[in-house]
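Coordinates from structure_35.cif are shown below (mmCIF, C-alpha atoms).
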data_final
loop_
_atom_site.group_PDB
_atom_site.id
_atom_site.type_symbol
_atom_site.label_atom_id
_atom_site.label_comp_id
_atom_site.auth_asym_id
_atom_site.auth_seq_id
_atom_site.Cartn_x
_atom_site.Cartn_y
_atom_site.Cartn_z
ATOM 1 C CA MET Q 1 -22.961 1.621 -3.427
ATOM 2 C CA VAL Q 2 -24.462 -1.797 -4.129
ATOM 3 C CA SER Q 3 -23.004 -4.731 -2.284
ATOM 4 C CA SER Q 4 -21.559 -6.381 -5.416
ATOM 5 C CA GLU Q 5 -19.700 -3.181 -6.325
ATOM 6 C CA TYR Q 6 -18.406 -2.933 -2.763
ATOM 7 C CA GLU Q 7 -17.238 -6.559 -2.893
ATOM 8 C CA ARG Q 8 -15.498 -5.959 -6.228
ATOM 9 C CA ARG Q 9 -13.618 -2.989 -4.824
ATOM 10 C CA ILE Q 10 -12.621 -4.902 -1.699
ATOM 11 C CA ALA Q 11 -11.347 -7.783 -3.847
ATOM 12 C CA ALA Q 12 -9.197 -5.322 -5.799
ATOM 13 C CA ARG Q 13 -7.775 -3.858 -2.588
ATOM 14 C CA PHE Q 14 -7.042 -7.326 -1.232
ATOM 15 C CA ALA Q 15 -5.269 -8.297 -4.465
ATOM 16 C CA THR Q 16 -3.076 -5.193 -4.174
ATOM 17 C CA PHE Q 17 -1.742 -6.455 -0.854
ATOM 18 C CA ASP Q 18 -1.594 -10.134 -1.857
ATOM 19 C CA GLN Q 19 1.521 -9.550 -3.969
ATOM 20 C CA ASP Q 20 2.266 -13.226 -4.588
ATOM 21 C CA GLY Q 21 -1.361 -14.176 -5.302
ATOM 22 C CA ASN Q 22 -1.486 -17.071 -2.845
ATOM 23 C CA GLY Q 23 -4.864 -16.048 -1.400
ATOM 24 C CA TYR Q 24 -3.713 -14.377 1.790
ATOM 25 C CA ILE Q 25 -1.678 -11.394 2.917
ATOM 26 C CA ASP Q 26 1.404 -12.017 5.005
ATOM 27 C CA ARG Q 27 4.724 -10.422 5.892
ATOM 28 C CA GLU Q 28 6.313 -11.789 2.704
ATOM 29 C CA ASP Q 29 3.891 -9.768 0.592
ATOM 30 C CA PHE Q 30 5.148 -6.579 2.222
ATOM 31 C CA TYR Q 31 8.785 -7.631 1.907
ATOM 32 C CA GLY Q 32 8.194 -8.639 -1.711
ATOM 33 C CA ALA Q 33 6.847 -5.169 -2.448
ATOM 34 C CA ALA Q 34 9.914 -3.602 -0.815
ATOM 35 C CA LYS Q 35 12.281 -5.849 -2.775
ATOM 36 C CA ALA Q 36 10.521 -5.018 -6.065
ATOM 37 C CA LEU Q 37 10.843 -1.281 -5.402
ATOM 38 C CA LEU Q 38 14.519 -1.548 -4.498
ATOM 39 C CA THR Q 39 15.189 -3.551 -7.645
ATOM 40 C CA GLU Q 40 13.260 -1.116 -9.855
ATOM 41 C CA PHE Q 41 15.208 1.878 -8.555
ATOM 42 C CA ALA Q 42 18.553 0.066 -8.202
ATOM 43 C CA VAL Q 43 18.803 0.774 -4.478
ATOM 44 C CA ALA Q 44 20.718 -1.657 -2.283
ATOM 45 C CA ALA Q 45 18.755 -3.388 0.459
ATOM 46 C CA ARG Q 46 21.543 -2.663 2.950
ATOM 47 C CA SER Q 47 21.584 1.061 2.177
ATOM 48 C CA ASP Q 48 19.864 3.555 4.474
ATOM 49 C CA LYS Q 49 16.992 3.877 1.985
ATOM 50 C CA GLY Q 50 16.717 0.109 1.660
ATOM 51 C CA GLN Q 51 16.683 -0.440 5.397
ATOM 52 C CA ALA Q 52 14.076 2.295 5.842
ATOM 53 C CA LEU Q 53 11.879 0.656 3.205
ATOM 54 C CA TYR Q 54 12.108 -2.777 4.834
ATOM 55 C CA GLY Q 55 11.446 -1.184 8.232
ATOM 56 C CA GLY Q 56 8.401 0.565 6.779
ATOM 57 C CA ALA Q 57 7.208 -2.701 5.242
ATOM 58 C CA GLU Q 58 7.488 -4.425 8.621
ATOM 59 C CA ALA Q 59 5.626 -1.611 10.394
ATOM 60 C CA PHE Q 60 2.899 -1.697 7.762
ATOM 61 C CA TRP Q 61 2.573 -5.467 8.080
ATOM 62 C CA GLN Q 62 2.408 -5.270 11.883
ATOM 63 C CA GLY Q 63 -0.295 -2.608 11.697
ATOM 64 C CA MET Q 64 -2.367 -4.595 9.210
ATOM 65 C CA ALA Q 65 -1.945 -7.843 11.150
ATOM 66 C CA GLY Q 66 -2.980 -6.087 14.341
ATOM 67 C CA MET Q 67 -6.183 -4.927 12.704
ATOM 68 C CA ALA Q 68 -7.128 -7.967 10.681
ATOM 69 C CA ASP Q 69 -5.360 -11.207 11.656
ATOM 70 C CA ARG Q 70 -8.093 -12.429 13.982
ATOM 71 C CA ASP Q 71 -6.844 -16.007 14.384
ATOM 72 C CA GLY Q 72 -3.217 -14.998 14.947
ATOM 73 C CA ASP Q 73 -1.790 -17.262 12.229
ATOM 74 C CA GLN Q 74 0.307 -14.449 10.695
ATOM 75 C CA ARG Q 75 -1.873 -14.495 7.574
ATOM 76 C CA ILE Q 76 -4.756 -12.271 6.607
ATOM 77 C CA THR Q 77 -7.375 -14.083 4.582
ATOM 78 C CA ARG Q 78 -9.742 -12.219 2.286
ATOM 79 C CA GLN Q 79 -12.503 -12.651 4.879
ATOM 80 C CA GLU Q 80 -10.287 -11.287 7.652
ATOM 81 C CA PHE Q 81 -9.362 -8.387 5.374
ATOM 82 C CA VAL Q 82 -13.017 -7.556 4.711
ATOM 83 C CA ASN Q 83 -14.190 -8.078 8.281
ATOM 84 C CA GLY Q 84 -11.171 -6.640 10.042
ATOM 85 C CA ALA Q 85 -9.075 -4.240 8.084
ATOM 86 C CA VAL Q 86 -11.644 -2.707 5.766
ATOM 87 C CA LYS Q 87 -14.246 -2.033 8.447
ATOM 88 C CA ARG Q 88 -11.695 -0.614 10.867
ATOM 89 C CA LEU Q 89 -10.041 1.458 8.154
ATOM 90 C CA ARG Q 90 -13.352 2.798 6.922
ATOM 91 C CA ASP Q 91 -14.175 3.904 10.456
ATOM 92 C CA ASN Q 92 -10.732 5.441 10.999
ATOM 93 C CA PRO Q 93 -8.900 6.351 7.765
ATOM 94 C CA ASP Q 94 -6.361 8.411 9.709
ATOM 95 C CA ARG Q 95 -5.242 5.263 11.519
ATOM 96 C CA PHE Q 96 -4.640 3.559 8.199
ATOM 97 C CA ALA Q 97 -2.628 6.516 6.974
ATOM 98 C CA GLU Q 98 -0.483 6.278 10.088
ATOM 99 C CA ILE Q 99 0.283 2.564 9.727
ATOM 100 C CA ALA Q 100 1.077 3.048 6.031
ATOM 101 C CA ARG Q 101 3.127 6.236 6.514
ATOM 102 C CA PRO Q 102 6.562 4.655 7.230
ATOM 103 C CA PHE Q 103 6.345 2.443 4.145
ATOM 104 C CA LEU Q 104 4.994 5.174 1.874
ATOM 105 C CA HIS Q 105 7.556 7.681 3.115
ATOM 106 C CA ALA Q 106 10.391 5.232 2.447
ATOM 107 C CA ALA Q 107 8.944 4.229 -0.954
ATOM 108 C CA LEU Q 108 8.823 7.876 -2.030
ATOM 109 C CA ASP Q 109 12.372 8.346 -0.788
ATOM 110 C CA VAL Q 110 13.536 5.373 -2.882
ATOM 111 C CA ALA Q 111 11.675 6.745 -5.923
ATOM 112 C CA ASP Q 112 13.007 10.289 -5.444
ATOM 113 C CA THR Q 113 16.104 9.768 -7.559
ATOM 114 C CA ASP Q 114 17.208 13.408 -7.535
ATOM 115 C CA GLY Q 115 16.815 13.788 -3.749
ATOM 116 C CA ASP Q 116 14.654 16.916 -3.835
ATOM 117 C CA GLY Q 117 12.050 15.531 -1.395
ATOM 118 C CA ALA Q 118 9.397 14.614 -3.952
ATOM 119 C CA ALA Q 119 9.071 11.976 -6.644
ATOM 120 C CA THR Q 120 8.210 12.820 -10.229
ATOM 121 C CA ILE Q 121 4.998 11.598 -11.803
ATOM 122 C CA GLU Q 122 7.035 9.070 -13.770
ATOM 123 C CA GLU Q 123 8.779 7.801 -10.638
ATOM 124 C CA VAL Q 124 5.470 7.383 -8.797
ATOM 125 C CA GLY Q 125 4.111 5.540 -11.831
ATOM 126 C CA ARG Q 126 7.055 3.146 -11.573
ATOM 127 C CA VAL Q 127 6.290 2.611 -7.880
ATOM 128 C CA LEU Q 128 2.662 1.777 -8.620
ATOM 129 C CA LYS Q 129 3.684 -0.601 -11.384
ATOM 130 C CA CYS Q 130 6.085 -2.377 -8.992
ATOM 131 C CA LEU Q 131 3.256 -2.768 -6.527
ATOM 132 C CA GLY Q 132 1.124 -4.475 -9.144
ATOM 133 C CA VAL Q 133 -1.181 -1.632 -10.084
ATOM 134 C CA PRO Q 134 -2.237 -2.068 -13.730
ATOM 135 C CA GLU Q 135 -0.909 0.640 -16.032
ATOM 136 C CA ASP Q 136 -4.398 1.763 -17.091
ATOM 137 C CA ILE Q 137 -5.151 2.558 -13.441
ATOM 138 C CA ALA Q 138 -1.688 3.784 -12.418
ATOM 139 C CA GLY Q 139 -1.507 6.560 -15.028
ATOM 140 C CA PRO Q 140 -4.738 8.326 -14.069
ATOM 141 C CA ALA Q 141 -4.026 7.746 -10.378
ATOM 142 C CA VAL Q 142 -0.640 9.468 -10.587
ATOM 143 C CA ALA Q 143 -2.130 12.374 -12.518
ATOM 144 C CA THR Q 144 -4.671 12.999 -9.757
ATOM 145 C CA LEU Q 145 -1.933 12.871 -7.112
ATOM 146 C CA ASP Q 146 -0.174 15.814 -8.724
ATOM 147 C CA ALA Q 147 -2.912 18.228 -7.690
ATOM 148 C CA ASP Q 148 -0.827 21.380 -8.186
ATOM 149 C CA GLY Q 149 0.457 20.282 -11.597
ATOM 150 C CA ASP Q 150 4.149 20.726 -10.783
ATOM 151 C CA GLY Q 151 5.089 17.241 -11.997
ATOM 152 C CA LYS Q 152 6.054 16.150 -8.459
ATOM 153 C CA VAL Q 153 4.288 14.071 -5.839
ATOM 154 C CA GLY Q 154 5.133 14.286 -2.154
ATOM 155 C CA GLU Q 155 4.131 12.499 1.010
ATOM 156 C CA ALA Q 156 1.424 15.063 1.795
ATOM 157 C CA GLU Q 157 -0.320 14.093 -1.445
ATOM 158 C CA VAL Q 158 0.280 10.342 -1.360
ATOM 159 C CA ILE Q 159 -0.738 9.370 2.163
ATOM 160 C CA PRO Q 160 -4.285 10.787 2.145
ATOM 161 C CA ALA Q 161 -4.881 9.398 -1.362
ATOM 162 C CA PHE Q 162 -3.647 5.968 -0.283
ATOM 163 C CA ALA Q 163 -5.954 6.011 2.741
ATOM 164 C CA ARG Q 164 -8.915 7.055 0.570
ATOM 165 C CA TYR Q 165 -8.227 4.229 -1.871
ATOM 166 C CA PHE Q 166 -8.271 1.582 0.824
ATOM 167 C CA THR Q 167 -11.098 2.956 2.951
ATOM 168 C CA VAL Q 168 -13.867 1.869 0.642
ATOM 169 C CA PRO Q 169 -17.384 3.039 1.520
ATOM 170 C CA GLU Q 170 -20.196 0.498 1.404
#
Please re-express this file's structure in structure tokens.
Amino acid sequence: MVSSEYERRIAARFATFDQDGNGYIDREDFYGAAKALLTEFAVAARSDKGQALYGGAEAFWQGMAGMADRDGDQRITRQEFVNGAVKRLRDNPDRFAEIARPFLHAALDVADTDGDGAATIEEVGRVLKCLGVPEDIAGPAVATLDADGDGKVGEAEVIPAFARYFTVPE
């Protein structure tokens, strides 16, 4: 992949995390994502699902900060993201899946409105939209997640796909 294409993809990944668009990733971006999901699915923050989602957001933030926040200012700049997170994640996508797992598990649980252990394609689409994924990308992405065509998406499908999306090859 040419360097400009790689840079474009990295910029898109960074923007996904920088929920408020202020030019860096911080804890508030992760909490903002959790709050948006809880609002979308009308789940109370103080409920078990809400607390699990905020706990997952905190774990995800801590994992990302540990990999990328080189100056310890509790902010990940785009450069830190490229030099820290992306390179480490590319070298070890399983590690990324593990730091994202608590948040993704809780997000799927919030989206699983019928409690059967998997979210529908529509519910996952709503999650992606809440996280700022444009609709023209979210629709095809959700369709590929439902590999068996049953209309449901579970953790076993989401976590590896999420890791693949963020572990961009050069």
Within 9 Å of Gly117 in chain Q, counting all atoms listed in the file, which residues show up once you throw out same-chain ones fewer than 3 positions away? Write them as a ChimeraX atom specification, please.
/Q:108-109,112,114,154-155
List as a Markdown table every residue of range 84-148 of chain Q that is in contact with range 10-24 of chain Q, defined as an atom at most 10 Å from one of its atoms (using all atoms listed in the file), together with the nearest atom pair and the distance in Å rounded to one decimal, sorted by chain and then rising number.
| residue | atom | partner | partner_atom | distance |
| --- | --- | --- | --- | --- |
| Q:Val86 | CA | Q:Ile10 | CA | 7.8 |
| Q:Cys130 | CA | Q:Gln19 | CA | 9.9 |
| Q:Leu131 | CA | Q:Thr16 | CA | 7.2 |
| Q:Gly132 | CA | Q:Thr16 | CA | 6.5 |
| Q:Val133 | CA | Q:Thr16 | CA | 7.2 |
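In this structure, CA of Gly32 in chain Q sits 17.7 Å away from CA of Val124 in chain Q.
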Write out as a PyMOL selection string which residues come within 10 Å of Val43 in chain Q when counting only C-alpha atoms, dropping same-chain ones fewer than 5 positions away.
chain Q and resi 35+37-38+48-50+110-111+113
Using only C-alpha atoms, determine which residues lie at most 6 Å from range 94-99 of chain Q, disregarding the query and same-chain residues fewer than 5 positions distant; provide the list as a PyMOL selection string.
chain Q and resi 60+63+89+159+163
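For the choices Q:Tyr54, Q:Phe41, Q:Asp26, Q:Asp136, the atom-to-atom distance to Gly72 in chain Q is smallest for Q:Asp26 when using only C-alpha atoms.
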List as a tab-separated table (two decimals) with C-alpha atoms, in the frame of the given file the residues having at least one atom at most 12 Å from position (-5.3, -10.7, 9.3) as given in the file, counting only C-alpha atoms.
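Output contents, as saved in part05.tsv:
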chain	number	residue	atom	x	y	z
Q	14	PHE	CA	-7.04	-7.33	-1.23
Q	17	PHE	CA	-1.74	-6.46	-0.85
Q	18	ASP	CA	-1.59	-10.13	-1.86
Q	23	GLY	CA	-4.86	-16.05	-1.40
Q	24	TYR	CA	-3.71	-14.38	1.79
Q	25	ILE	CA	-1.68	-11.39	2.92
Q	26	ASP	CA	1.40	-12.02	5.00
Q	27	ARG	CA	4.72	-10.42	5.89
Q	61	TRP	CA	2.57	-5.47	8.08
Q	62	GLN	CA	2.41	-5.27	11.88
Q	63	GLY	CA	-0.30	-2.61	11.70
Q	64	MET	CA	-2.37	-4.60	9.21
Q	65	ALA	CA	-1.94	-7.84	11.15
Q	66	GLY	CA	-2.98	-6.09	14.34
Q	67	MET	CA	-6.18	-4.93	12.70
Q	68	ALA	CA	-7.13	-7.97	10.68
Q	69	ASP	CA	-5.36	-11.21	11.66
Q	70	ARG	CA	-8.09	-12.43	13.98
Q	71	ASP	CA	-6.84	-16.01	14.38
Q	72	GLY	CA	-3.22	-15.00	14.95
Q	73	ASP	CA	-1.79	-17.26	12.23
Q	74	GLN	CA	0.31	-14.45	10.70
Q	75	ARG	CA	-1.87	-14.50	7.57
Q	76	ILE	CA	-4.76	-12.27	6.61
Q	77	THR	CA	-7.38	-14.08	4.58
Q	78	ARG	CA	-9.74	-12.22	2.29
Q	79	GLN	CA	-12.50	-12.65	4.88
Q	80	GLU	CA	-10.29	-11.29	7.65
Q	81	PHE	CA	-9.36	-8.39	5.37
Q	82	VAL	CA	-13.02	-7.56	4.71
Q	83	ASN	CA	-14.19	-8.08	8.28
Q	84	GLY	CA	-11.17	-6.64	10.04
Q	85	ALA	CA	-9.07	-4.24	8.08
Q	86	VAL	CA	-11.64	-2.71	5.77
Between Q:Lys152, Q:Arg164, Q:His105, Q:Arg46, single out the one closest to Glu122 in chain Q, counting only C-alpha atoms.
Q:Lys152
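The smallest atom-to-atom distance between Ala118 in chain Q and any of Q:Val142, Q:Ala100, Q:Ala34, Q:Ala156, using all atoms listed in the file, is found for Q:Ala156.
Take the candidates Q:Ala143, Q:Ala52, Q:Val158, Q:Leu128 and check each one against Phe103 in chain Q using all atoms listed in the file; the shortest distance goes to Q:Ala52.
Taking CA of Arg126 in chain Q and CA of Ala42 in chain Q as the two end points, the separation is 12.4 Å.
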Need the axis-aligned box for range 151-159 of chain Q with 4 Å each side, so what are the centre and edges in Å to one decimal, as AutoDock Vina command-line options?
--center_x 2.7 --center_y 13.3 --center_z -4.9 --size_x 14.8 --size_y 15.9 --size_z 22.2
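With CA of Ala106 in chain Q on one side and CA of Gly56 in chain Q on the other, the separation reads 6.7 Å.
Each of Q:Gly149, Q:Lys129, Q:Tyr165, Q:Thr144 was checked against Arg9 in chain Q using all atoms listed in the file; the smallest atom-to-atom distance is that of Q:Tyr165.
Distance check against Leu53 in chain Q using all atoms listed in the file: of Q:Ala107, Q:Ala161, Q:Pro134, Q:Asp150, the minimum falls on Q:Ala107.
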